[in-house]
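Below is run_34.cif, which holds mmCIF, C-alpha atoms.
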data_work
#
loop_
_atom_site.label_atom_id
_atom_site.label_comp_id
_atom_site.auth_asym_id
_atom_site.auth_seq_id
_atom_site.Cartn_x
_atom_site.Cartn_y
_atom_site.Cartn_z
CA MET A 1131 -24.43 5.73 11.78
CA LYS A 1132 -23.26 2.56 13.48
CA CYS A 1133 -22.11 -0.64 11.76
CA GLY A 1134 -21.90 -2.58 15.02
CA SER A 1135 -22.10 -1.92 18.73
CA GLY A 1136 -19.98 1.17 19.35
CA ILE A 1137 -18.49 1.06 15.84
CA GLU A 1138 -19.14 4.13 13.77
CA ALA A 1139 -19.50 3.49 10.05
CA ARG A 1140 -16.37 4.95 8.45
CA GLN A 1141 -17.20 7.35 5.63
CA VAL A 1142 -13.87 9.14 5.26
CA ASN A 1143 -13.36 8.27 1.61
CA GLU A 1144 -16.95 9.09 0.65
CA LEU A 1145 -16.95 12.49 2.35
CA PHE A 1146 -13.37 13.72 1.96
CA ILE A 1147 -10.40 13.82 -0.38
CA ASN A 1148 -8.02 11.61 1.56
CA ILE A 1149 -4.36 12.69 1.41
CA ASP A 1150 -3.15 10.58 4.32
CA PRO A 1151 0.34 9.48 3.22
CA ILE A 1152 -0.18 5.83 4.09
CA GLN A 1153 -3.83 5.49 3.09
CA ALA A 1154 -4.02 6.83 -0.45
CA GLY A 1155 -2.91 3.71 -2.34
CA GLY A 1156 -4.80 1.26 -0.20
CA ARG A 1157 -8.30 2.58 -0.82
CA LEU A 1158 -10.38 -0.25 -2.17
CA THR A 1159 -11.73 -0.64 -5.65
CA GLY A 1160 -15.45 -1.28 -6.01
CA ASP A 1161 -14.68 -4.87 -6.94
CA ALA A 1162 -12.69 -5.37 -3.73
CA ILE A 1163 -15.60 -4.04 -1.66
CA LYS A 1164 -17.94 -6.45 -3.47
CA ALA A 1165 -15.56 -9.37 -2.93
CA ILE A 1166 -15.33 -8.60 0.77
CA ILE A 1167 -19.12 -8.60 1.04
CA ALA A 1168 -19.19 -12.09 -0.48
CA TYR A 1169 -16.14 -13.54 1.29
CA GLY A 1170 -16.25 -11.93 4.73
CA ASP A 1171 -16.87 -15.19 6.58
CA GLY A 1172 -13.81 -16.74 8.24
CA TYR A 1173 -12.66 -19.67 6.12
CA SER A 1174 -14.57 -18.50 3.04
CA VAL A 1175 -11.82 -19.26 0.52
CA CYS A 1176 -11.35 -22.78 1.85
CA ASP A 1177 -14.64 -24.29 0.58
CA ASN A 1178 -12.79 -26.04 -2.23
CA CYS A 1179 -9.44 -26.69 -0.59
CA ARG A 1180 -8.22 -30.06 -1.85
CA LYS A 1181 -4.89 -31.86 -1.76
CA PRO A 1182 -2.16 -30.73 -1.34
CA ASN A 1183 -4.16 -28.61 1.12
CA ARG A 1184 -2.33 -25.37 0.90
CA LEU A 1185 -3.89 -21.97 0.35
CA ASP A 1186 -1.84 -20.98 -2.69
CA CYS A 1187 -2.86 -24.22 -4.43
CA ILE A 1188 -6.64 -23.58 -4.28
CA SER A 1189 -8.15 -23.23 -7.74
CA LYS A 1190 -11.70 -22.15 -6.82
CA PRO A 1191 -11.70 -19.21 -6.32
CA PRO A 1192 -8.61 -18.93 -8.56
CA ILE A 1193 -6.05 -18.37 -5.80
CA ALA A 1194 -3.33 -20.52 -7.39
CA GLU A 1195 -3.64 -18.64 -10.69
CA PHE A 1196 -3.56 -15.32 -8.82
CA HIS A 1197 -0.28 -16.25 -7.11
CA LYS A 1198 1.31 -17.12 -10.46
CA ASP A 1199 -0.01 -13.92 -12.06
CA VAL A 1200 1.35 -11.73 -9.25
CA ALA A 1201 4.79 -13.35 -9.47
CA ALA A 1202 4.91 -12.85 -13.26
CA TRP A 1203 3.62 -9.28 -12.96
CA LEU A 1204 6.51 -8.47 -10.61
CA GLY A 1205 9.03 -10.20 -12.89
CA MET A 1206 9.69 -12.89 -10.30
CA ASP A 1207 9.29 -16.67 -10.26
CA ALA A 1208 7.10 -17.35 -7.23
CA ALA A 1209 4.94 -15.36 -4.85
CA ARG A 1210 3.02 -15.74 -1.63
CA MET A 1211 0.45 -13.37 -0.30
CA MET A 1212 1.29 -12.25 3.21
CA PRO A 1213 -0.49 -10.53 6.10
CA GLY A 1214 1.40 -7.30 5.40
CA ALA A 1215 4.82 -6.39 4.03
CA ARG A 1216 6.25 -6.71 7.54
CA ARG A 1217 5.49 -10.44 7.61
CA ALA A 1218 7.40 -10.79 4.35
CA PHE A 1219 10.40 -8.99 5.92
CA GLN A 1220 10.10 -11.37 8.85
CA ALA A 1221 10.02 -14.51 6.67
CA VAL A 1222 13.09 -13.44 4.68
CA ALA A 1223 15.06 -12.31 7.74
CA HIS A 1224 14.23 -15.53 9.56
CA THR A 1225 15.50 -17.56 6.61
CA TYR A 1226 18.84 -15.81 6.11
CA VAL A 1227 19.82 -14.05 9.34
CA ASN A 1228 21.42 -15.79 12.30
CA LYS A 1229 22.41 -14.36 15.66
CA GLY A 1230 25.12 -11.72 15.28
CA ASP A 1231 24.89 -11.48 11.49
CA PRO A 1232 25.23 -8.00 9.99
CA VAL A 1233 22.26 -6.91 7.87
CA LEU A 1234 22.11 -3.88 5.58
CA LEU A 1235 19.31 -1.42 6.11
CA THR A 1236 19.28 2.27 5.22
CA SER A 1237 18.93 5.48 7.16
CA LEU A 1238 15.43 5.72 5.63
CA SER A 1239 14.31 2.13 6.36
CA HIS A 1240 10.91 1.45 7.89
CA TYR A 1241 10.92 0.32 11.52
CA THR A 1242 9.40 -3.06 10.65
CA GLU A 1243 12.53 -3.91 8.66
CA PHE A 1244 14.57 -3.23 11.80
CA LEU A 1245 12.23 -5.39 13.88
CA ALA A 1246 12.51 -8.27 11.42
CA VAL A 1247 16.30 -8.10 11.72
CA GLU A 1248 16.12 -7.81 15.51
CA GLU A 1249 13.81 -10.80 15.83
CA ALA A 1250 16.24 -12.93 13.80
CA GLY A 1251 19.15 -11.82 16.00
CA GLY A 1252 20.85 -9.71 13.33
CA ILE A 1253 22.71 -6.44 13.69
CA ALA A 1254 21.41 -3.36 11.86
CA CYS A 1255 23.99 -1.69 9.61
CA GLU A 1256 22.50 1.41 7.98
CA ILE A 1257 23.58 2.77 4.61
CA PRO A 1258 23.44 6.54 5.10
CA ALA A 1259 21.34 8.51 2.62
CA ASP A 1260 23.01 11.50 0.97
CA ALA A 1261 22.17 15.17 1.54
CA GLY A 1262 19.26 14.86 -0.88
CA HIS A 1263 17.87 11.90 1.08
CA ILE A 1264 18.81 9.39 -1.60
CA VAL A 1265 20.50 6.04 -0.96
CA THR A 1266 23.21 5.54 -3.58
CA PRO A 1267 25.09 2.49 -4.88
CA GLU A 1268 28.36 4.20 -3.86
CA ALA A 1269 27.19 4.52 -0.26
CA THR A 1270 26.04 0.89 -0.39
CA ALA A 1271 29.45 -0.34 -1.55
CA ALA A 1272 31.18 1.78 1.11
CA LYS A 1273 28.93 0.39 3.84
CA ILE A 1274 29.55 -3.19 2.73
CA ASP A 1275 33.31 -2.55 2.95
CA GLU A 1276 32.85 -1.06 6.42
CA VAL A 1277 30.80 -4.08 7.53
CA LYS A 1278 33.37 -6.52 6.14
CA LYS A 1279 36.13 -4.80 8.10
CA LYS A 1280 34.09 -4.72 11.31
CA PHE A 1281 32.51 -8.20 11.19
CA GLY A 1282 34.98 -10.09 9.06
CA LYS A 1283 32.21 -10.99 6.62
CA ALA A 1284 29.75 -9.34 4.25
CA PRO A 1285 26.18 -8.58 5.31
CA VAL A 1286 23.92 -11.62 4.93
CA LEU A 1287 21.00 -9.61 3.55
CA ALA A 1288 20.12 -6.09 2.37
CA PHE A 1289 16.74 -4.36 2.79
CA ILE A 1290 16.47 -1.56 0.22
CA ASP A 1291 13.39 0.65 -0.03
CA HIS A 1292 12.31 1.32 -3.60
CA VAL A 1293 10.54 4.47 -2.45
CA ASP A 1294 11.09 5.38 1.19
CA TYR A 1295 8.30 6.28 3.59
CA GLN A 1296 10.00 9.41 4.94
CA TYR A 1297 10.50 11.48 1.78
CA GLY A 1298 8.82 9.39 -0.89
CA ASN A 1299 12.11 9.44 -2.79
CA LEU A 1300 12.86 6.92 -5.52
CA HIS A 1301 16.11 5.03 -4.98
CA ASP A 1302 18.14 3.33 -7.71
CA VAL A 1303 17.53 -0.25 -6.58
CA THR A 1304 19.04 -1.67 -9.77
CA ALA A 1305 22.44 -0.07 -9.15
CA ILE A 1306 22.27 -0.73 -5.40
CA ALA A 1307 21.47 -4.42 -6.02
CA LYS A 1308 24.43 -4.64 -8.40
CA ALA A 1309 26.74 -3.25 -5.71
CA ALA A 1310 25.31 -5.69 -3.15
CA HIS A 1311 25.51 -8.71 -5.45
CA GLU A 1312 29.18 -7.98 -6.18
CA ASN A 1313 29.62 -8.92 -2.53
CA ASN A 1314 27.13 -11.82 -2.67
CA VAL A 1315 24.60 -9.97 -0.53
CA PRO A 1316 21.00 -10.98 -1.35
CA VAL A 1317 18.73 -7.97 -1.86
CA LEU A 1318 15.16 -7.46 -0.72
CA CYS A 1319 13.42 -4.60 -2.51
CA ASN A 1320 10.83 -3.05 -0.23
CA GLY A 1321 8.13 -1.94 -2.65
CA ALA A 1322 5.56 -1.01 -0.02
CA TYR A 1323 5.09 2.34 -1.79
CA THR A 1324 5.64 1.15 -5.35
CA VAL A 1325 4.13 -2.32 -5.92
CA GLY A 1326 0.61 -1.51 -7.10
CA ILE A 1327 1.43 2.16 -7.63
CA MET A 1328 3.99 2.20 -10.42
CA PRO A 1329 5.60 -0.50 -12.59
CA VAL A 1330 7.92 -2.81 -10.61
CA ASP A 1331 10.03 -5.52 -12.25
CA GLY A 1332 12.14 -7.43 -9.76
CA LYS A 1333 14.09 -9.31 -12.41
CA ALA A 1334 14.98 -6.11 -14.26
CA MET A 1335 16.14 -4.59 -10.97
CA GLY A 1336 18.15 -7.74 -10.28
CA VAL A 1337 16.81 -8.27 -6.79
CA ASP A 1338 16.21 -11.53 -4.95
CA PHE A 1339 12.95 -10.52 -3.27
CA VAL A 1340 10.21 -8.00 -3.97
CA VAL A 1341 7.89 -7.10 -1.12
CA GLY A 1342 4.65 -5.19 -1.58
CA SER A 1343 1.97 -3.94 0.75
CA GLY A 1344 -1.63 -4.69 -0.16
CA HIS A 1345 -3.19 -2.20 2.23
CA LYS A 1346 -0.69 0.53 1.42
CA SER A 1347 -0.46 0.31 -2.33
CA MET A 1348 -2.58 -2.46 -3.85
CA ALA A 1349 -6.11 -1.23 -3.10
CA SER A 1350 -6.56 -4.05 -0.61
CA PRO A 1351 -7.81 -4.57 2.93
CA ALA A 1352 -5.39 -4.78 5.85
CA PRO A 1353 -3.35 -6.71 6.64
CA SER A 1354 -2.20 -7.81 3.22
CA GLY A 1355 0.98 -7.90 1.20
CA VAL A 1356 3.11 -9.93 -1.16
CA LEU A 1357 6.49 -11.62 -1.11
CA ALA A 1358 7.77 -12.42 -4.61
CA VAL A 1359 11.08 -14.21 -5.08
CA THR A 1360 13.44 -15.68 -7.67
CA GLU A 1361 13.39 -19.42 -8.34
CA GLU A 1362 16.63 -19.83 -6.42
CA ARG A 1363 15.31 -18.02 -3.34
CA ALA A 1364 11.93 -19.77 -3.52
CA LYS A 1365 13.63 -23.03 -2.57
CA GLU A 1366 14.94 -21.35 0.56
CA VAL A 1367 12.15 -19.03 1.77
CA PHE A 1368 9.30 -21.24 0.61
CA ARG A 1369 10.95 -24.50 1.74
CA THR A 1370 8.50 -27.12 2.94
CA THR A 1371 8.25 -28.63 6.40
CA THR A 1372 10.37 -31.58 7.47
CA ILE A 1373 9.25 -31.88 11.08
CA GLU A 1374 7.80 -35.14 12.39
CA GLY A 1375 5.99 -35.88 15.65
CA ASP A 1376 7.90 -38.37 17.80
CA VAL A 1377 4.75 -40.07 19.11
CA THR A 1378 2.28 -39.78 16.26
CA LYS A 1379 4.90 -39.73 13.47
CA ARG A 1380 2.78 -37.03 11.86
CA LYS A 1381 4.25 -34.99 9.01
CA PHE A 1382 2.70 -31.95 7.41
CA GLY A 1383 3.07 -32.37 3.67
CA VAL A 1384 3.83 -29.26 1.65
CA LYS A 1385 3.17 -26.69 4.37
CA GLU A 1386 5.79 -23.95 4.43
CA PRO A 1387 7.21 -23.04 7.86
CA GLU A 1388 7.93 -19.40 7.01
CA MET A 1389 4.32 -19.03 5.87
CA MET A 1390 3.05 -20.88 8.95
CA GLY A 1391 1.25 -23.21 6.58
CA CYS A 1392 -1.41 -21.10 4.95
CA THR A 1393 -1.00 -17.33 4.84
CA LEU A 1394 -3.52 -14.78 3.75
CA MET A 1395 -7.08 -16.05 3.82
CA GLY A 1396 -10.67 -14.91 3.41
CA ALA A 1397 -11.69 -11.34 2.77
CA THR A 1398 -8.16 -9.90 2.70
CA LEU A 1399 -6.98 -12.32 0.02
CA VAL A 1400 -10.10 -12.05 -2.12
CA GLY A 1401 -9.97 -8.28 -1.76
CA MET A 1402 -6.45 -8.32 -3.20
CA MET A 1403 -7.54 -10.63 -5.99
CA ALA A 1404 -10.52 -8.49 -6.93
CA SER A 1405 -8.43 -5.31 -7.05
CA PHE A 1406 -5.57 -6.94 -8.96
CA PRO A 1407 -6.82 -6.32 -12.54
CA HIS A 1408 -7.40 -2.65 -11.66
CA VAL A 1409 -4.01 -2.41 -9.95
CA LYS A 1410 -2.26 -3.93 -12.98
CA GLU A 1411 -3.92 -1.31 -15.15
CA ARG A 1412 -3.37 1.68 -12.88
CA VAL A 1413 0.40 1.25 -12.61
CA LYS A 1414 0.56 1.92 -16.36
CA HIS A 1415 -0.84 5.40 -15.77
CA PHE A 1416 1.43 6.60 -12.99
CA ASP A 1417 2.29 9.65 -15.11
CA ARG A 1418 -1.27 10.90 -14.51
CA GLU A 1419 -0.71 10.61 -10.78
CA LEU A 1420 2.47 12.69 -11.03
CA LYS A 1421 0.63 15.34 -13.06
CA ASN A 1422 -2.03 15.58 -10.37
CA ASN A 1423 0.66 15.74 -7.69
CA LYS A 1424 2.28 18.62 -9.60
CA ILE A 1425 -0.98 20.57 -9.59
CA VAL A 1426 -0.97 20.39 -5.78
CA MET A 1427 2.78 21.01 -5.47
CA ASP A 1428 2.59 24.12 -7.68
CA ALA A 1429 -0.12 25.49 -5.40
CA LEU A 1430 1.76 24.69 -2.21
CA LEU A 1431 5.01 26.17 -3.51
CA SER A 1432 3.16 29.34 -4.52
CA ILE A 1433 2.60 29.98 -0.82
CA ASP A 1434 5.58 32.07 0.27
CA GLY A 1435 7.94 30.27 2.64
CA THR A 1436 6.83 26.75 1.72
CA LYS A 1437 9.58 24.31 0.77
CA VAL A 1438 9.56 20.77 -0.56
CA LEU A 1439 11.88 18.39 1.32
CA SER A 1440 11.40 15.45 -1.05
CA GLU A 1441 13.33 15.22 -4.31
CA TYR A 1442 11.92 17.63 -6.86
CA PRO A 1443 10.50 17.32 -9.49
CA ARG A 1444 8.56 14.55 -7.82
CA LYS A 1445 8.92 10.94 -8.92
CA HIS A 1446 6.28 9.73 -6.45
CA THR A 1447 3.08 11.17 -5.03
CA LEU A 1448 4.09 10.76 -1.37
CA THR A 1449 5.66 14.13 -0.58
CA ARG A 1450 7.22 15.81 2.45
CA VAL A 1451 7.02 19.56 2.80
CA ASP A 1452 8.40 22.17 5.19
CA THR A 1453 5.91 24.90 6.06
CA MET A 1454 7.75 26.39 9.04
CA ASN A 1455 7.93 29.74 7.22
CA SER A 1456 4.34 29.70 6.01
CA PHE A 1457 1.56 27.77 7.79
CA ASP A 1458 3.56 27.45 11.00
CA LYS A 1459 4.03 31.23 11.29
CA VAL A 1460 0.25 31.60 11.50
CA ALA A 1461 0.05 28.84 14.12
CA GLU A 1462 2.11 30.99 16.49
CA THR A 1463 -0.77 33.42 16.93
CA HIS A 1464 -3.85 31.48 15.77
CA LYS A 1465 -6.42 30.68 18.48
CA LYS A 1466 -6.44 27.04 17.36
CA LYS A 1467 -2.61 27.04 17.30
CA GLY A 1468 -1.24 24.36 14.97
CA PHE A 1469 -4.61 22.69 14.71
CA TYR A 1470 -6.02 25.46 12.55
CA LEU A 1471 -4.57 23.96 9.36
CA SER A 1472 -6.02 20.44 9.61
CA SER A 1473 -9.24 21.97 10.92
CA ALA A 1474 -9.55 24.37 7.97
CA LEU A 1475 -8.76 21.59 5.51
CA ASN A 1476 -11.34 19.31 7.16
CA ASP A 1477 -13.93 22.08 6.78
CA LYS A 1478 -13.13 22.10 3.07
CA GLY A 1479 -13.53 18.32 2.79
CA ILE A 1480 -9.88 17.28 3.01
CA PHE A 1481 -8.70 14.53 5.33
CA GLY A 1482 -5.32 13.09 6.20
CA LEU A 1483 -3.11 15.86 7.51
CA ILE A 1484 -1.95 15.03 11.05
CA PRO A 1485 -3.92 17.32 13.39
CA GLY A 1486 -1.58 19.99 14.74
CA ALA A 1487 1.05 19.59 12.02
CA THR A 1488 2.19 22.90 10.54
CA ARG A 1489 5.97 22.49 10.45
CA VAL A 1490 7.04 19.41 8.49
CA TRP A 1491 4.38 17.08 7.15
CA LYS A 1492 3.62 14.57 4.44
CA PHE A 1493 0.74 14.05 2.10
CA ASN A 1494 -0.10 11.74 -0.76
CA THR A 1495 -2.22 12.69 -3.77
CA TYR A 1496 -2.32 9.14 -5.18
CA GLY A 1497 -5.72 8.16 -6.58
CA SER A 1498 -7.10 11.70 -6.78
CA THR A 1499 -8.88 12.66 -9.96
CA GLU A 1500 -7.62 15.79 -11.73
CA LYS A 1501 -10.70 17.61 -10.49
CA GLN A 1502 -9.92 16.56 -6.92
CA ALA A 1503 -6.28 17.61 -7.34
CA ARG A 1504 -7.37 21.06 -8.49
CA TYR A 1505 -9.82 21.29 -5.59
CA LEU A 1506 -7.02 20.32 -3.19
CA ALA A 1507 -4.64 22.88 -4.71
CA ASP A 1508 -7.25 25.62 -4.42
CA ALA A 1509 -8.01 24.63 -0.84
CA PHE A 1510 -4.37 24.98 0.29
CA VAL A 1511 -4.13 28.40 -1.36
CA ALA A 1512 -7.47 29.48 0.10
CA VAL A 1513 -6.42 28.53 3.65
CA ALA A 1514 -3.17 30.45 3.13
CA GLN A 1515 -5.01 33.54 1.86
CA GLU A 1516 -7.63 33.39 4.61
CA ASN A 1517 -4.75 33.55 7.08
CA GLY A 1518 -2.91 36.43 5.46
CA MET A 1519 -0.13 34.50 3.75
CA LYS A 1520 1.41 35.85 0.57
CA ILE A 1521 0.88 33.92 -2.66
CA SER A 1522 3.37 34.21 -5.51
CA VAL A 1523 1.82 33.76 -8.92
CA MET B 79 -38.16 -22.96 0.53
CA LEU B 80 -34.72 -22.01 -0.73
CA SER B 81 -34.76 -18.90 -2.87
CA LYS B 82 -31.59 -18.58 -4.90
CA ARG B 83 -33.15 -15.60 -6.65
CA ALA B 84 -33.67 -13.74 -3.38
CA VAL B 85 -30.07 -14.35 -2.39
CA ASP B 86 -28.87 -13.21 -5.83
CA MET B 87 -30.96 -10.04 -5.56
CA VAL B 88 -29.50 -9.20 -2.13
CA PHE B 89 -26.00 -9.47 -3.55
CA GLN B 90 -26.85 -7.61 -6.75
CA ALA B 91 -28.52 -4.76 -4.88
CA THR B 92 -25.57 -4.51 -2.51
CA TYR B 93 -23.21 -4.40 -5.48
CA THR B 94 -25.29 -1.73 -7.17
CA LEU B 95 -25.09 0.33 -4.00
CA THR B 96 -21.34 -0.26 -3.98
CA ASP B 97 -21.12 1.19 -7.50
CA ILE B 98 -23.00 4.26 -6.27
CA ARG B 99 -20.64 4.42 -3.29
CA MET B 100 -17.69 4.51 -5.68
CA ILE B 101 -19.21 7.48 -7.52
CA LEU B 102 -19.49 9.26 -4.17
CA ARG B 103 -15.81 8.54 -3.57
CA GLU B 104 -14.74 9.78 -7.00
CA THR B 105 -16.63 13.02 -6.58
CA ALA B 106 -15.82 13.78 -2.92
CA PRO B 107 -16.02 16.22 -1.29
CA THR B 108 -18.45 18.27 -3.41
CA HIS B 109 -20.34 15.36 -4.97
CA GLU B 110 -20.96 17.49 -8.05
CA LEU B 111 -21.63 14.90 -10.73
CA ASP B 112 -20.89 15.56 -14.38
CA GLU B 113 -23.38 14.47 -17.05
CA LYS B 114 -21.75 11.05 -17.50
CA GLN B 115 -21.76 10.38 -13.77
CA LYS B 116 -25.39 11.51 -13.50
CA ALA B 117 -26.40 9.14 -16.30
CA GLU B 118 -24.53 6.27 -14.66
CA THR B 119 -26.12 7.01 -11.29
CA ALA B 120 -29.58 7.08 -12.88
CA ARG B 121 -28.92 3.69 -14.48
CA LEU B 122 -27.71 2.23 -11.20
CA LEU B 123 -30.73 3.55 -9.29
CA GLU B 124 -33.10 2.03 -11.86
CA ASN B 125 -31.31 -1.31 -11.44
CA LEU B 126 -31.56 -1.00 -7.68
CA GLU B 127 -35.30 -0.38 -7.81
CA ARG B 128 -35.73 -3.45 -10.03
CA GLN B 129 -33.58 -5.56 -7.71
CA VAL B 130 -35.50 -4.44 -4.61
CA GLY B 131 -38.76 -5.18 -6.47
CA SER B 132 -37.62 -8.71 -7.22
CA LEU B 133 -36.61 -9.14 -3.61
CA LYS B 134 -40.08 -8.10 -2.45
CA GLN B 135 -41.64 -10.63 -4.82
CA GLU B 136 -39.43 -13.42 -3.56
CA MET B 137 -39.56 -12.78 0.15
CA LEU B 138 -42.95 -11.27 0.99
#

Can I see the file as structure tokens?
Amino acid sequence: MKCGSGIEARQVNELFINIDPIQAGGRLTGDAIKAIIAYGDGYSVCDNCRKPNRLDCISKPPIAEFHKDVAAWLGMDAARMMPGARRAFQAVAHTYVNKGDPVLLTSLSHYTEFLAVEEAGGIACEIPADAGHIVTPEATAAKIDEVKKKFGKAPVLAFIDHVDYQYGNLHDVTAIAKAAHENNVPVLCNGAYTVGIMPVDGKAMGVDFVVGSGHKSMASPAPSGVLAVTEERAKEVFRTTTIEGDVTKRKFGVKEPEMMGCTLMGATLVGMMASFPHVKERVKHFDRELKNNKIVMDALLSIDGTKVLSEYPRKHTLTRVDTMNSFDKVAETHKKKGFYLSSALNDKGIFGLIPGATRVWKFNTYGSTEKQARYLADAFVAVAQENGMKISV
Amino acid sequence: MLSKRAVDMVFQATYTLTDIRMILRETAPTHELDEKQKAETARLLENLERQVGSLKQEML
């Protein structure tokens, strides 16, 4: 079925259980789909844009109220919706980082955090994660000392992932922020895998910025995200324009340079807004998500030779496993080679495993019902049994 | 002649179909509906038939 010339209608989430690690939390709510149908046209949210003519000030639809609600929900003082978490990293880096400035990242940081630092001319200084793939406050303090010795000054900014994309491990942002603040280093908490998934309170964590991803974790269309900040930082990152044309003497009111005036418009913004009440509710029930993840993990770990590389017991549903001594052994002799696993799962109605992956791979059970989690667990065990693997009860 | 009702019915029917779509998502990949989901689907389909009927009245 086509939805445009050469564009196949995507039915992945109607036909399959989707365990793609980056897609699970971004699947839309019914209300978001309805909102997109109504607001798909270009400047749809701008029908009632009045002075001061800035997106986050529009009251119909209630965009201004939504911005305030999101900031309060994250325990912060102000928020702007962004075209993706990466644009929030960019806005913050551009505000605080000058050429040659050291910036703290971690050995588990997402590449877009590196690019934001690079674009601002900063130098990446990674806090190494420990043997369990956890970034600790002790390692943070040690890295700051190392940076001070090398550069003669403290890092100008720290990007700390709340849950990292590689292992789905939960890092102690509160303690890390304390260590950074003792050296006057502002802290950005990258909540791309937590904002909209589990409770996040920036003020309680003591961070300066909270960044979330709409399309990764807030049941929203891409590209969407949020940058929430403290009152102090709002004056800096959300500063208003001062430029003036030399011929026309034009000025541009309350537009914000880091936001390039207005940020997230139309269907993406309204999609976020429509999902927001559901997202606020679902973070309160993250324990259910962990229970469903455990159902799948128990099944996977019952397959002899399978190991979990993420911290265990799991504190997040994004999980990295090592199946070199289970599924990968079969790939050595299977006629489909490593593709047999994703192929067999597809045949059972499961989507999201990288085709060919049988050694180390990630999956995310977020948003599955218990029934779907049990189906998924049974499917992994069934594929293992069909291929002669031993199951420990 | 402007027909606000026809426009409303197009949106309502699309939204009803969206609700059915969400049931398909929740029950993937087997689409085995429990009794509650079957009752909800029946209600939605009745609404859809009524909405399409209204649309026929308005537009034909």

Could you jot down the atom CA of A:Ile1484 to atom CA of A:Ala1154 separation for me, Å, one decimal place?
->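 Answer for the atom CA of A:Ile1484 to atom CA of A:Ala1154 separation: 14.3 Å.
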
Excluding stretch 115-132 of chain B and residues on its chain fewer than 2 positions from it, collect all residues at most 7 Å away from it, counting only C-alpha atoms, and give them as a PyMOL selection string.
-> chain B and resi 87+91+94+98+111-113+134-136

All residues 12 Å or closer to B:Glu104, all atoms listed in the file, same chain fewer than 4 positions away omitted, as a PyMOL selection string | (chain A and resi 1143-1148+1157-1160+1497-1503) or (chain B and resi 97-100+108-112+115)

Check which residues satisfy the PyMOL selection byres ((chain B) within 7 of (chain A)) in the file shown, then give them as a PDB file with C-alpha atoms, keeping the file's coordinate frame.
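Dumped to result16.pdb:
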ATOM      1  CA  TYR B  93     -23.210  -4.400  -5.480  1.00  0.00           C
ATOM      2  CA  THR B  96     -21.340  -0.260  -3.980  1.00  0.00           C
ATOM      3  CA  ASP B  97     -21.120   1.190  -7.500  1.00  0.00           C
ATOM      4  CA  MET B 100     -17.690   4.510  -5.680  1.00  0.00           C
ATOM      5  CA  LEU B 102     -19.490   9.260  -4.170  1.00  0.00           C
ATOM      6  CA  ARG B 103     -15.810   8.540  -3.570  1.00  0.00           C
ATOM      7  CA  ALA B 106     -15.820  13.780  -2.920  1.00  0.00           C
ATOM      8  CA  PRO B 107     -16.020  16.220  -1.290  1.00  0.00           C
TER       9      PRO B 107
END

One decimal, Å: what's the distance from atom CA of A:Lys1414 over to atom CA of A:Lys1308, could you say?
->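 The value is 26.0 Å.
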
Would you mind listing, for every residue of stretch 1375-1452 of chain A within 12 Å of stretch 1270-1294 of chain A, the two atoms forming the shortest contact and the distance between them in Å to one decimal, using only C-alpha atoms, sorted by chain and ascending residue number, as a Markdown table?
| residue | atom | partner | partner_atom | distance |
| --- | --- | --- | --- | --- |
| A:Ser1440 | CA | A:Asp1294 | CA | 10.3 |
| A:Glu1441 | CA | A:Val1293 | CA | 11.3 |
| A:Arg1444 | CA | A:Val1293 | CA | 11.6 |
| A:Lys1445 | CA | A:Val1293 | CA | 9.3 |
| A:His1446 | CA | A:Val1293 | CA | 7.9 |
| A:Thr1447 | CA | A:Val1293 | CA | 10.4 |
| A:Leu1448 | CA | A:Val1293 | CA | 9.1 |
| A:Thr1449 | CA | A:Asp1294 | CA | 10.4 |
| A:Arg1450 | CA | A:Asp1294 | CA | 11.2 |

Please produce a file of the residues just selected, as a PDB file, in the coordinates of the input, where the atoms kept are C-alpha atoms.
ATOM      1  CA  SER A1440      11.400  15.450  -1.050  1.00  0.00           C
ATOM      2  CA  GLU A1441      13.330  15.220  -4.310  1.00  0.00           C
ATOM      3  CA  ARG A1444       8.560  14.550  -7.820  1.00  0.00           C
ATOM      4  CA  LYS A1445       8.920  10.940  -8.920  1.00  0.00           C
ATOM      5  CA  HIS A1446       6.280   9.730  -6.450  1.00  0.00           C
ATOM      6  CA  THR A1447       3.080  11.170  -5.030  1.00  0.00           C
ATOM      7  CA  LEU A1448       4.090  10.760  -1.370  1.00  0.00           C
ATOM      8  CA  THR A1449       5.660  14.130  -0.580  1.00  0.00           C
ATOM      9  CA  ARG A1450       7.220  15.810   2.450  1.00  0.00           C
TER      10      ARG A1450
END

For atom CA of A:Asp1199 and atom CA of A:Phe1219, quote the distance in Å rounded to one decimal.
-> 21.4 Å

For A:Lys1229, work out the shell of residues within 9 Å, counting all atoms listed in the file and skipping chain neighbours fewer than 2 positions away, then give it as number ranges by chain.
-> A: 1227, 1231-1232, 1250-1253

With the file shown as input, list the residues that the PyMOL selection byres ((chain A and resi 1422-1426) around 6) selects, as an MDAnalysis selection string.
-> chainID A and resid 1419:1421 1427:1429 1447 1495 1500 1503 1507

Emit the selected residues as an mmCIF file, in the coordinates of the input, including C-alpha atoms.
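File produced: result.cif:
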data_model
loop_
_atom_site.group_PDB
_atom_site.id
_atom_site.type_symbol
_atom_site.label_atom_id
_atom_site.label_comp_id
_atom_site.auth_asym_id
_atom_site.auth_seq_id
_atom_site.Cartn_x
_atom_site.Cartn_y
_atom_site.Cartn_z
ATOM 1 C CA GLU A 1419 -0.710 10.610 -10.780
ATOM 2 C CA LEU A 1420 2.470 12.690 -11.030
ATOM 3 C CA LYS A 1421 0.630 15.340 -13.060
ATOM 4 C CA MET A 1427 2.780 21.010 -5.470
ATOM 5 C CA ASP A 1428 2.590 24.120 -7.680
ATOM 6 C CA ALA A 1429 -0.120 25.490 -5.400
ATOM 7 C CA THR A 1447 3.080 11.170 -5.030
ATOM 8 C CA THR A 1495 -2.220 12.690 -3.770
ATOM 9 C CA GLU A 1500 -7.620 15.790 -11.730
ATOM 10 C CA ALA A 1503 -6.280 17.610 -7.340
ATOM 11 C CA ALA A 1507 -4.640 22.880 -4.710
#
